[in-house]
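Here's protein25.cif, which has mmCIF, C-alpha atoms:
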```
data_protein
loop_
_atom_site.label_atom_id
_atom_site.label_comp_id
_atom_site.auth_asym_id
_atom_site.auth_seq_id
_atom_site.Cartn_x
_atom_site.Cartn_y
_atom_site.Cartn_z
CA MET G 56 165.18 38.45 55.55
CA LYS G 57 161.96 39.44 57.27
CA PRO G 58 160.27 36.63 59.25
CA MET G 59 157.15 35.13 57.68
CA LEU G 60 153.96 36.30 59.40
CA LEU G 61 151.10 33.85 59.62
CA THR G 62 147.70 34.75 58.19
CA PRO G 63 144.59 33.79 60.21
CA SER G 64 143.97 30.84 57.87
CA ALA G 65 147.48 29.53 58.58
CA ARG G 66 147.01 29.65 62.34
CA ARG G 67 146.30 26.36 64.12
CA PHE G 68 145.16 26.90 67.71
CA LEU G 69 145.20 24.24 70.42
CA PHE G 70 143.05 24.96 73.49
CA LEU G 71 143.93 23.37 76.82
CA GLN G 72 142.07 23.98 80.09
CA GLY G 73 139.96 27.11 80.39
CA PRO G 74 137.80 28.75 83.06
CA PRO G 75 134.57 26.94 84.00
CA GLY G 76 131.86 27.71 81.48
CA PRO G 77 131.48 28.12 77.71
CA PHE G 78 134.09 30.85 77.07
CA PHE G 79 136.82 28.72 75.48
CA ARG G 80 134.35 26.79 73.31
CA GLU G 81 132.80 30.02 72.02
CA LEU G 82 136.23 31.57 71.47
CA GLY G 83 137.29 28.53 69.46
CA ALA G 84 134.17 28.80 67.30
CA ALA G 85 134.88 32.50 66.65
CA LEU G 86 138.46 31.72 65.57
CA GLN G 87 137.15 29.08 63.17
CA GLU G 88 134.77 31.64 61.68
CA ARG G 89 137.81 33.84 60.97
CA GLY G 90 139.47 30.98 59.07
CA SER G 91 141.77 29.48 61.70
CA SER G 92 141.94 25.78 62.60
CA VAL G 93 141.03 24.95 66.19
CA PHE G 94 141.78 21.88 68.31
CA ARG G 95 140.96 21.01 71.92
CA ILE G 96 142.32 18.46 74.38
CA ASN G 97 140.06 17.64 77.33
CA LEU G 98 141.84 16.41 80.45
CA SER G 99 138.92 16.09 82.86
CA GLY G 100 135.18 15.62 83.06
CA GLY G 101 134.82 19.35 83.64
CA ASP G 102 136.73 20.14 80.44
CA GLU G 103 134.51 17.73 78.54
CA ARG G 104 131.34 19.29 79.91
CA ASP G 105 132.48 22.77 78.84
CA TRP G 106 133.65 21.70 75.37
CA SER G 107 132.28 18.43 74.07
CA ASP G 108 132.01 17.46 70.41
CA PRO G 109 132.07 13.65 70.06
CA ASP G 110 131.70 13.84 66.27
CA SER G 111 134.73 16.08 65.78
CA GLU G 112 138.25 14.83 65.20
CA ARG G 113 139.48 18.17 66.49
CA VAL G 114 138.28 17.54 70.07
CA LEU G 115 139.81 14.61 71.93
CA ALA G 116 140.21 13.39 75.49
CA TYR G 117 143.52 12.62 77.16
CA ARG G 118 142.85 9.84 79.67
CA GLY G 119 146.39 8.66 80.33
CA LEU G 120 148.84 9.01 83.19
CA MET G 121 150.16 12.50 83.90
CA ARG G 122 153.72 11.24 83.51
CA ASP G 123 152.91 10.46 79.88
CA TRP G 124 151.18 13.78 79.23
CA PRO G 125 154.22 15.86 78.11
CA LEU G 126 155.27 13.54 75.30
CA PHE G 127 151.64 13.00 74.25
CA PHE G 128 151.27 16.78 74.00
CA ASP G 129 154.52 17.14 72.06
CA SER G 130 153.51 14.43 69.58
CA PHE G 131 150.09 16.02 69.14
CA VAL G 132 151.35 19.54 68.37
CA GLN G 133 153.82 18.16 65.84
CA ALA G 134 151.24 15.94 64.13
CA LYS G 135 148.67 18.74 63.87
CA GLY G 136 151.11 21.55 63.02
CA ILE G 137 149.98 23.64 65.98
CA THR G 138 151.11 27.28 65.82
CA ASP G 139 149.42 28.60 68.97
CA VAL G 140 148.42 27.21 72.38
CA VAL G 141 145.67 28.90 74.41
CA LEU G 142 145.16 28.21 78.12
CA PHE G 143 143.81 29.67 81.35
CA GLY G 144 146.32 29.85 84.21
CA ASP G 145 149.97 29.17 83.40
CA CYS G 146 150.86 27.53 86.74
CA ARG G 147 148.61 24.49 86.49
CA PRO G 148 150.90 21.43 86.36
CA VAL G 149 149.48 20.19 83.05
CA HIS G 150 150.00 23.65 81.55
CA MET G 151 153.50 24.13 82.89
CA ARG G 152 154.66 20.87 81.31
CA ALA G 153 152.94 21.66 78.03
CA THR G 154 154.20 25.23 77.72
CA ARG G 155 157.81 24.25 78.34
CA LEU G 156 157.66 21.84 75.42
CA ALA G 157 155.69 24.32 73.29
CA ARG G 158 158.48 26.86 73.71
CA LEU G 159 161.03 24.34 72.46
CA ARG G 160 158.93 24.06 69.29
CA GLY G 161 158.60 27.84 68.93
CA ILE G 162 154.84 27.64 69.41
CA HIS G 163 153.13 30.86 70.51
CA ILE G 164 151.55 30.68 73.96
CA HIS G 165 148.54 32.80 74.94
CA VAL G 166 147.61 32.86 78.62
CA PHE G 167 144.28 34.02 80.01
CA GLU G 168 143.76 34.83 83.67
CA GLU G 169 141.44 36.88 85.86
CA GLY G 170 141.86 40.57 85.06
CA TYR G 171 144.73 42.58 86.53
CA ILE G 172 142.20 45.38 86.77
CA ARG G 173 138.64 44.42 87.63
CA PRO G 174 135.82 44.31 86.89
CA ASP G 175 135.10 44.39 83.13
CA TRP G 176 138.52 43.13 82.00
CA MET G 177 140.34 39.81 81.66
CA THR G 178 144.07 39.31 81.34
CA LEU G 179 145.50 37.94 78.07
CA GLU G 180 149.28 37.88 77.69
CA ARG G 181 151.86 36.14 75.58
CA ASP G 182 154.01 33.53 77.37
CA GLY G 183 152.89 34.14 80.96
CA VAL G 184 150.91 36.18 83.47
CA ASN G 185 151.32 37.51 87.00
CA GLY G 186 154.81 36.60 88.22
CA HIS G 187 155.64 35.19 84.77
CA SER G 188 154.53 38.34 82.95
CA SER G 189 156.97 40.07 80.62
CA PHE G 190 155.40 43.45 81.41
CA GLU G 191 158.07 46.11 81.86
CA ARG G 192 158.22 47.58 85.37
CA CYS G 193 160.67 50.41 84.73
CA PRO G 194 158.84 53.70 85.48
CA GLN G 195 160.49 55.66 82.65
CA ALA G 196 159.80 52.92 80.09
CA ILE G 197 156.15 52.93 81.16
CA LEU G 198 155.89 56.72 80.85
CA ASP G 199 157.53 56.67 77.41
CA ALA G 200 155.22 53.93 76.13
CA ALA G 201 152.12 55.63 77.53
CA GLU G 202 152.81 58.83 75.58
CA GLN G 203 152.07 56.94 72.34
CA LEU G 204 148.73 55.56 73.58
CA PRO G 205 145.22 57.05 73.74
CA ASP G 206 143.49 57.72 77.03
CA ILE G 207 141.66 54.87 78.70
CA PRO G 208 138.07 54.93 77.38
CA ASP G 209 135.21 55.57 79.79
CA LEU G 210 132.98 52.59 79.02
CA PRO G 211 129.76 51.35 80.65
CA PRO G 212 130.17 48.45 83.10
CA ILE G 213 129.98 44.87 81.89
CA THR G 214 126.88 42.94 83.01
CA ALA G 215 127.81 40.41 85.68
CA SER G 216 126.02 37.84 87.80
CA PHE G 217 127.69 36.02 90.67
CA GLY G 218 125.09 33.28 90.22
CA ARG G 219 126.28 32.64 86.66
CA ARG G 220 129.89 32.19 87.81
CA ALA G 221 128.81 29.99 90.71
CA ARG G 222 126.64 27.81 88.45
CA ASP G 223 129.36 27.36 85.83
CA SER G 224 131.90 26.50 88.52
CA TYR G 225 129.60 24.05 90.29
CA TRP G 226 128.78 22.04 87.17
CA HIS G 227 132.38 22.09 85.98
CA TYR G 228 133.77 20.67 89.21
CA HIS G 229 130.80 18.33 89.62
CA SER G 230 131.76 16.89 86.22
CA VAL G 231 135.41 16.64 87.30
CA VAL G 232 134.33 14.41 90.20
CA VAL G 233 131.97 12.34 88.03
CA GLY G 234 134.70 11.94 85.39
CA GLY G 235 136.96 10.39 88.02
CA LEU G 236 134.32 8.20 89.66
CA THR G 237 133.17 6.75 86.33
CA MET G 238 136.79 6.16 85.26
CA ARG G 239 136.27 8.36 82.20
CA PHE G 240 139.34 10.34 83.36
CA PRO G 241 140.81 7.95 85.95
CA PHE G 242 144.19 9.63 86.41
CA TYR G 243 143.23 13.30 86.39
CA ARG G 244 144.07 15.35 89.47
CA SER G 245 142.78 18.90 89.77
CA HIS G 246 145.25 21.76 90.07
CA ARG G 247 143.19 23.03 93.00
CA GLY G 248 144.45 22.07 96.43
CA GLY G 249 142.15 20.16 98.77
CA SER G 250 138.97 18.21 98.10
CA ILE G 251 136.47 19.35 95.49
CA ILE G 252 133.72 17.59 97.45
CA ALA G 253 134.69 19.45 100.62
CA GLU G 254 134.59 22.72 98.66
CA GLY G 255 131.08 21.89 97.49
CA ILE G 256 129.94 21.35 101.08
CA GLY G 257 131.66 24.59 102.01
CA TRP G 258 129.73 26.49 99.34
CA MET G 259 126.40 25.11 100.57
CA ARG G 260 127.28 26.19 104.11
CA ARG G 261 128.36 29.61 102.84
CA PHE G 262 125.05 30.22 101.09
CA ALA G 263 123.12 29.05 104.16
CA LEU G 264 124.96 31.49 106.46
CA ARG G 265 125.08 34.51 104.15
CA ARG G 266 122.58 36.56 106.23
CA ARG G 267 124.56 35.94 109.41
CA ARG G 268 127.72 37.09 107.62
CA ASP G 269 125.98 40.26 106.47
CA ARG G 270 124.91 41.06 110.05
CA GLN G 271 128.42 40.45 111.36
CA ALA G 272 129.91 42.68 108.64
CA THR G 273 127.51 45.50 109.51
CA LYS G 274 128.45 45.20 113.19
CA VAL G 275 132.18 45.37 112.40
CA LEU G 276 131.78 48.41 110.14
CA GLU G 277 129.81 50.21 112.87
CA ALA G 278 132.64 49.50 115.35
CA LEU G 279 135.17 50.87 112.83
CA ALA G 280 133.38 54.19 112.40
CA GLY G 281 135.79 57.06 112.97
CA GLN G 282 138.85 54.84 113.42
CA LYS G 283 141.98 54.90 111.26
CA TYR G 284 142.61 51.49 109.75
CA PHE G 285 144.82 49.57 107.35
CA LEU G 286 143.12 47.05 105.06
CA PHE G 287 144.40 43.54 104.39
CA PRO G 288 142.28 41.63 101.79
CA LEU G 289 142.83 37.89 101.95
CA GLN G 290 143.45 35.72 98.91
CA LEU G 291 142.74 32.03 98.36
CA SER G 292 145.44 29.72 99.68
CA GLY G 293 144.95 27.42 96.69
CA ASP G 294 145.49 30.28 94.25
CA TYR G 295 148.78 30.11 92.36
CA GLN G 296 149.24 33.78 93.18
CA ILE G 297 150.07 32.48 96.67
CA ARG G 298 151.54 29.09 95.81
CA ALA G 299 153.83 30.20 92.98
CA HIS G 300 154.18 33.98 93.15
CA SER G 301 154.66 34.75 96.83
CA PRO G 302 157.08 33.90 99.65
CA PHE G 303 154.25 32.31 101.64
CA LEU G 304 153.14 28.68 101.61
CA SER G 305 149.57 29.67 102.50
CA MET G 306 147.41 32.64 103.41
CA ALA G 307 147.55 31.55 107.05
CA MET G 308 151.32 32.08 106.92
CA ALA G 309 150.81 35.51 105.33
CA VAL G 310 148.27 36.48 108.01
CA ASN G 311 150.72 35.48 110.73
CA TYR G 312 153.47 37.56 109.08
CA VAL G 313 151.27 40.66 108.78
CA LEU G 314 149.86 40.43 112.31
CA THR G 315 153.34 40.05 113.80
CA SER G 316 154.58 43.15 111.97
CA PHE G 317 151.46 45.13 112.87
CA ALA G 318 151.84 44.25 116.57
CA GLN G 319 155.45 45.45 116.65
CA TYR G 320 155.45 48.51 114.42
CA ALA G 321 151.97 49.90 113.69
CA PRO G 322 150.83 53.14 115.40
CA LYS G 323 148.72 52.48 118.47
CA ASP G 324 145.89 54.65 117.16
CA CYS G 325 145.42 52.49 114.05
CA VAL G 326 143.60 49.19 113.66
CA LEU G 327 143.88 46.44 111.05
CA LEU G 328 140.85 45.27 109.07
CA ILE G 329 141.21 41.82 107.49
CA LYS G 330 138.67 41.09 104.75
CA GLU G 331 137.91 37.57 103.58
CA HIS G 332 138.00 36.70 99.90
CA PRO G 333 134.42 36.52 98.52
CA LEU G 334 135.11 33.10 96.97
CA ASP G 335 136.55 31.53 100.12
CA VAL G 336 134.39 28.47 100.84
CA GLY G 337 134.99 28.52 104.56
CA ILE G 338 137.11 25.38 105.02
CA ARG G 339 139.26 27.46 107.38
CA ASP G 340 137.48 29.51 110.04
CA TRP G 341 139.29 32.80 109.47
CA ARG G 342 137.44 34.59 112.27
CA ARG G 343 138.71 32.09 114.82
CA THR G 344 142.22 31.94 113.32
CA ILE G 345 142.61 35.72 113.38
CA ARG G 346 141.17 36.11 116.87
CA HIS G 347 143.46 33.39 118.28
CA ARG G 348 146.62 34.84 116.75
CA SER G 349 145.70 38.43 117.65
CA ARG G 350 145.28 37.51 121.31
CA LYS G 351 148.69 35.84 121.36
CA LEU G 352 150.23 39.03 120.00
CA GLY G 353 148.39 41.32 122.41
CA LEU G 354 146.24 42.85 119.67
CA ASP G 355 142.84 42.58 121.33
CA GLY G 356 140.62 45.38 120.05
CA ARG G 357 143.08 46.35 117.30
CA VAL G 358 142.29 43.70 114.67
CA PHE G 359 138.91 43.31 112.98
CA HIS G 360 137.70 40.58 110.63
CA ILE G 361 135.00 41.01 108.02
CA ASP G 362 133.40 38.61 105.54
CA GLY G 363 131.57 41.02 103.27
CA GLY G 364 131.50 44.77 102.70
CA ASP G 365 132.32 46.90 99.68
CA LEU G 366 136.02 46.43 98.94
CA GLN G 367 136.30 49.64 96.92
CA ALA G 368 134.73 51.78 99.62
CA LEU G 369 136.83 50.10 102.32
CA SER G 370 139.96 50.72 100.25
CA GLU G 371 139.20 54.40 99.70
CA GLN G 372 138.68 55.03 103.42
CA SER G 373 141.79 53.16 104.61
CA GLN G 374 145.23 54.47 105.57
CA GLY G 375 146.79 51.91 103.24
CA MET G 376 146.36 48.42 101.84
CA VAL G 377 148.54 45.39 102.54
CA CYS G 378 148.53 42.80 99.74
CA VAL G 379 150.37 39.61 99.01
CA ASN G 380 149.79 40.26 95.30
CA SER G 381 146.03 40.64 94.98
CA THR G 382 144.54 42.70 92.17
CA SER G 383 142.59 44.38 94.99
CA GLY G 384 145.62 46.65 95.26
CA THR G 385 144.59 48.43 92.06
CA LEU G 386 141.37 49.64 93.74
CA ALA G 387 143.39 51.40 96.44
CA LEU G 388 145.92 52.78 93.95
CA SER G 389 143.15 54.29 91.82
CA ALA G 390 142.01 56.20 94.91
CA GLY G 391 145.54 57.39 95.71
CA ILE G 392 145.84 55.06 98.74
CA PRO G 393 149.29 53.56 99.54
CA VAL G 394 149.74 49.86 98.78
CA ILE G 395 152.48 47.41 99.76
CA VAL G 396 152.94 44.16 97.83
CA MET G 397 154.66 41.22 99.53
CA GLY G 398 154.72 38.86 96.54
CA ASP G 399 155.00 39.24 92.76
CA ALA G 400 152.46 41.58 91.16
CA VAL G 401 152.49 43.23 87.76
CA TYR G 402 151.60 46.59 89.35
CA ASP G 403 154.47 46.48 91.87
CA VAL G 404 156.37 49.32 90.23
CA PRO G 405 158.64 51.87 91.97
CA GLY G 406 156.67 55.07 92.33
CA ILE G 407 153.35 53.22 92.32
CA THR G 408 153.62 50.90 95.32
CA HIS G 409 155.50 51.20 98.61
CA GLN G 410 159.03 49.88 98.01
CA GLY G 411 160.19 49.66 101.62
CA SER G 412 159.49 46.98 104.23
CA LEU G 413 156.14 46.18 105.78
CA ASP G 414 157.51 47.26 109.17
CA LYS G 415 158.06 50.78 107.80
CA PHE G 416 154.81 50.84 105.82
CA TRP G 417 152.64 51.25 108.92
CA ASN G 418 154.22 54.62 109.80
CA ARG G 419 155.62 55.94 106.50
CA PRO G 420 153.63 54.48 103.60
CA GLU G 421 154.71 55.75 100.18
CA LEU G 422 151.90 57.46 98.27
CA PRO G 423 151.38 56.34 94.66
CA ASP G 424 152.41 58.72 91.89
CA GLN G 425 149.04 59.15 90.20
CA SER G 426 150.46 60.28 86.84
CA LEU G 427 152.73 57.22 86.73
CA TYR G 428 149.87 54.94 87.78
CA TYR G 429 147.66 56.32 85.01
CA ALA G 430 150.45 55.76 82.49
CA PHE G 431 150.83 52.21 83.82
CA ARG G 432 147.12 51.58 83.36
CA LYS G 433 147.21 52.89 79.77
CA VAL G 434 149.99 50.48 78.85
CA LEU G 435 148.40 47.61 80.77
CA HIS G 436 145.07 48.08 78.98
CA ASP G 437 146.82 48.22 75.63
CA ARG G 438 149.08 45.18 76.09
CA CYS G 439 147.56 42.86 78.67
CA LEU G 440 143.80 43.33 79.05
CA VAL G 441 140.78 42.35 77.00
CA ARG G 442 137.37 43.77 77.74
CA GLY G 443 134.65 41.38 78.84
CA GLY G 444 133.98 38.80 81.52
CA LEU G 445 132.65 35.38 82.40
CA ALA G 446 129.62 36.24 84.54
CA SER G 447 126.94 36.77 81.87
CA GLU G 448 126.20 35.88 78.26
CA SER G 449 126.78 39.43 77.09
CA ALA G 450 130.05 39.70 79.03
CA THR G 451 131.32 36.44 77.51
CA ARG G 452 130.27 37.56 74.04
CA THR G 453 132.21 40.81 74.49
CA LEU G 454 135.22 38.89 75.78
CA VAL G 455 135.16 36.54 72.79
CA GLU G 456 135.00 39.40 70.28
CA ASN G 457 137.92 41.25 71.84
CA SER G 458 139.99 38.13 72.43
CA VAL G 459 139.76 37.03 68.79
CA ASP G 460 141.17 40.34 67.63
CA ARG G 461 144.07 40.07 70.10
CA LEU G 462 144.84 36.42 69.27
CA LEU G 463 144.89 37.07 65.54
CA VAL G 464 147.48 39.84 65.69
CA PRO G 465 150.08 38.66 63.11
CA VAL G 466 152.81 36.41 64.55
CA GLU G 467 155.85 34.70 63.13
CA ALA G 468 155.70 31.12 61.93
CA PRO G 469 157.04 28.69 64.57
CA ASP G 470 160.78 28.28 64.10
CA GLY G 471 162.15 26.96 67.36
CA PRO G 472 162.69 28.71 70.69
CA SER G 473 164.35 31.75 69.15
CA ILE G 474 160.97 33.41 68.38
CA ARG G 475 160.36 33.71 72.09
CA ARG G 476 163.31 36.00 72.70
CA ARG G 477 161.26 39.16 72.56
CA SER G 478 161.68 42.62 74.04
CA ARG G 479 159.89 43.54 77.20
CA MET G 480 156.20 43.91 76.52
CA VAL G 481 155.79 47.67 76.76
CA LEU G 482 158.62 48.23 74.28
CA ALA G 483 157.39 45.73 71.69
CA PRO G 484 154.69 46.55 69.15
CA ALA G 485 151.23 45.30 70.06
#
```
Rewrite the structure from the file as structure tokens, please.
Amino acid sequence: MKPMLLTPSARRFLFLQGPPGPFFRELGAALQERGSSVFRINLSGGDERDWSDPDSERVLAYRGLMRDWPLFFDSFVQAKGITDVVLFGDCRPVHMRATRLARLRGIHIHVFEEGYIRPDWMTLERDGVNGHSSFERCPQAILDAAEQLPDIPDLPPITASFGRRARDSYWHYHSVVVGGLTMRFPFYRSHRGGSIIAEGIGWMRRFALRRRRDRQATKVLEALAGQKYFLFPLQLSGDYQIRAHSPFLSMAMAVNYVLTSFAQYAPKDCVLLIKEHPLDVGIRDWRRTIRHRSRKLGLDGRVFHIDGGDLQALSEQSQGMVCVNSTSGTLALSAGIPVIVMGDAVYDVPGITHQGSLDKFWNRPELPDQSLYYAFRKVLHDRCLVRGGLASESATRTLVENSVDRLLVPVEAPDGPSIRRRSRMVLAPA
């Protein structure tokens, strides 16, 4: 007997936490317009600011203890007949507890995350992303799947504004703090490590010093002119890419690991350029940290730090890129530059990234197979990416339109955990 496929009108979506801003609320409204039922649980003041509807029985606040959250969630999805759960970031503690129970009920899980390939794309996968992705990493399977797919379209860039992202993030986390102080959400704890208030102060300091950073970046790039260098883009220590999908406890630990290897094995005529993440709020002084460790390792004059610069241009001019698991690696791969991944990354495929050790990478980096990488991108675009973004109204509108189509692909009716035993993503029909 063929499994029963749910029509859009039979789908009942529950939204949990999303990215700061209106995206999830607008996506929910679009699903309702297509006939689906939509519910939302707010767990913080930030959630409530982004999606508030006090007159709706479909939007409610969970204000209880986190230890009671899993059974509350389980009771809710049973009572409302939820068929699908939508969330942003599958490693947040509240999401991890919810998704484990959802799988026991056979509920379909849809996970959004920042795009594997940026800009202009967001990630949307079934069941998990990044290290939890079901994307097939067998080169031959990727090549076979890509043969059935059209070429990647050449589309105009999506409109983006850093100010829009910064504004949405500020007001979201401001509301998280207010929600706790007013006891509206007394037990909520953010998934982000550290203090939200300290981050806010860090952002103000970052904006105040942006011209000084630009001058320092220009000075570093002038000093690098004509030198061969490897590029190491930093990630955020609080990011679950580091905390859950890498062998490192923090980026400081990763920096120490890379510098130690570079000191022992890198060619003497090469230097290392370490680039700060553009969203790092400056709680750690990376310039001082890197300088101190470099001196201890005898690397004076061989390690440069930059907070700024064009990542794509820096990637294209480098000898190779060292990543924990940053999506920055895809910029280098697109330019044919070798990349080594030290954590879990969906693009860490034999033939695409360097498969040996970091110690060997400095002298014998493996070049990416461009035909395999293009095939990988074709499959990734088809299975895991939705076009759009969060940094402008038009980008969000595009993201909503494309996400609705992906979410409403026919699925089986929930029937226990057996529905989750699916083939690897590239071998399964979209």
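Compared by their closest atoms to Val326 in chain G, and using only C-alpha atoms, the residues G:Leu204, G:Ala280, G:Leu61, G:Ala400 rank with G:Ala280 nearest.
Using all atoms listed in the file, the nearest neighbour of Thr62 in chain G within the list G:Arg89, G:Arg357, G:Arg461, G:Arg343 is G:Arg89.
One distance worth recording is that between CA of Val275 in chain G and CA of Thr315 in chain G, which is 21.9 Å.
Of the residues under consideration (G:Leu126, G:Leu142, G:Ile345, G:Val231), G:Leu142 shows the shortest atom-to-atom contact distance to Leu82 in chain G when counting all atoms listed in the file.
In this model, the gap between CA of Gly144 in chain G and CA of Pro465 in chain G comes to 23.2 Å.
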Please expand the PyMOL selection byres ((chain G and resi 446-457) around 10) into the concrete residues it hits in this file, giving the result as a PyMOL selection string. chain G and resi 76-86+175-177+212-223+440-445+458-462
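For the pair CA of Tyr312 in chain G and CA of Leu413 in chain G, the interatomic distance is 9.6 Å.
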Translate the PyMOL selection byres ((chain G and resi 368-378) around 7), as applied to the file shown, into an explicit residue set as a PyMOL selection string. chain G and resi 283-288+365-367+379-381+384+386-387+390+392-397
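When you apply the PyMOL selection byres ((chain G and resi 239) around 12) to this structure, what comes back is Asn97, Leu98, Ser99, Gly100, Gly101, Asp102, Glu103, Ala116, Tyr117, Arg118, Gly119, Ser230, Val231, Val232, Val233, Gly234, Gly235, Leu236, Thr237, Met238, Phe240, Pro241, Phe242 and Tyr243 of chain G.
Using only C-alpha atoms, the smallest distance between any of G:Asp129, G:Asp139, G:Glu168, G:Asp105 and Leu463 in chain G comes from G:Asp139.
Comparing the minimum interatomic distances between Asp324 in chain G and each of G:Asp108, G:Pro74, G:Val358, G:Phe68, counting only C-alpha atoms, we find that G:Val358 sits nearest.
You can rank G:Gln319, G:Thr344, G:Ser412, G:Gln296 by their closest distance to Asn185 in chain G using only C-alpha atoms, and at the top of that list sits G:Gln296.
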Contacts of Arg155 in chain G at 12 Å (only C-alpha atoms; same-chain gap of 2+ positions) as a short mmCIF file (atom, residue, chain, number, x, y, z; two decimals) with C-alpha atoms, in the frame of the given file:
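The new file result.cif reads:
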```cif
data_model
loop_
_atom_site.label_atom_id
_atom_site.label_comp_id
_atom_site.auth_asym_id
_atom_site.auth_seq_id
_atom_site.Cartn_x
_atom_site.Cartn_y
_atom_site.Cartn_z
CA PRO G 125 154.22 15.86 78.11
CA LEU G 126 155.27 13.54 75.30
CA PHE G 128 151.27 16.78 74.00
CA ASP G 129 154.52 17.14 72.06
CA VAL G 140 148.42 27.21 72.38
CA ASP G 145 149.97 29.17 83.40
CA CYS G 146 150.86 27.53 86.74
CA PRO G 148 150.90 21.43 86.36
CA VAL G 149 149.48 20.19 83.05
CA HIS G 150 150.00 23.65 81.55
CA MET G 151 153.50 24.13 82.89
CA ARG G 152 154.66 20.87 81.31
CA ALA G 153 152.94 21.66 78.03
CA ALA G 157 155.69 24.32 73.29
CA ARG G 158 158.48 26.86 73.71
CA LEU G 159 161.03 24.34 72.46
CA ARG G 160 158.93 24.06 69.29
CA GLY G 161 158.60 27.84 68.93
CA ILE G 162 154.84 27.64 69.41
CA HIS G 163 153.13 30.86 70.51
CA ILE G 164 151.55 30.68 73.96
CA ASP G 182 154.01 33.53 77.37
CA GLY G 183 152.89 34.14 80.96
CA PRO G 472 162.69 28.71 70.69
CA ARG G 475 160.36 33.71 72.09
#
```
For a quick check of your reading of the model, name the residues lying within 12 Å of the coordinate (147.4, 51.7, 86.9), counting all atoms listed in the file, and write them as a PyMOL selection string. chain G and resi 171-173+192+194+197-198+201+207+382-391+401-404+406-408+423-437
Supply range 292-306 of chain G as a CSV table (one decimal), in the coordinates of the input, with N, CA and C atoms built in where the input has gaps.
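After the write, out-v4.csv holds the following:
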```csv
chain,number,residue,atom,x,y,z
G,292,SER,N,144.2,30.5,99.5
G,292,SER,CA,145.4,29.7,99.7
G,292,SER,C,145.8,28.8,98.5
G,293,GLY,N,144.7,28.3,97.8
G,293,GLY,CA,145.0,27.4,96.7
G,293,GLY,C,145.3,28.1,95.4
G,294,ASP,N,145.2,29.5,95.4
G,294,ASP,CA,145.5,30.3,94.2
G,294,ASP,C,147.0,30.2,94.0
G,295,TYR,N,147.4,30.1,92.7
G,295,TYR,CA,148.8,30.1,92.4
G,295,TYR,C,149.4,31.5,92.6
G,296,GLN,N,148.7,32.5,92.8
G,296,GLN,CA,149.2,33.8,93.2
G,296,GLN,C,150.0,33.6,94.5
G,297,ILE,N,149.4,32.8,95.4
G,297,ILE,CA,150.1,32.5,96.7
G,297,ILE,C,151.1,31.4,96.5
G,298,ARG,N,150.7,30.3,95.9
G,298,ARG,CA,151.5,29.1,95.8
G,298,ARG,C,152.8,29.3,95.0
G,299,ALA,N,152.7,30.1,93.9
G,299,ALA,CA,153.8,30.2,93.0
G,299,ALA,C,154.4,31.6,92.9
G,300,HIS,N,153.7,32.6,93.3
G,300,HIS,CA,154.2,34.0,93.2
G,300,HIS,C,154.3,34.8,94.5
G,301,SER,N,154.5,34.1,95.6
G,301,SER,CA,154.7,34.8,96.8
G,301,SER,C,155.6,34.0,97.7
G,302,PRO,N,156.2,34.6,98.7
G,302,PRO,CA,157.1,33.9,99.6
G,302,PRO,C,156.4,33.0,100.7
G,303,PHE,N,155.0,33.0,100.6
G,303,PHE,CA,154.2,32.3,101.6
G,303,PHE,C,153.7,31.0,101.1
G,304,LEU,N,153.7,30.0,102.0
G,304,LEU,CA,153.1,28.7,101.6
G,304,LEU,C,151.6,28.7,101.6
G,305,SER,N,151.0,29.6,102.4
G,305,SER,CA,149.6,29.7,102.5
G,305,SER,C,149.2,31.1,103.0
G,306,MET,N,147.9,31.4,102.9
G,306,MET,CA,147.4,32.6,103.4
G,306,MET,C,147.5,32.7,104.9
```
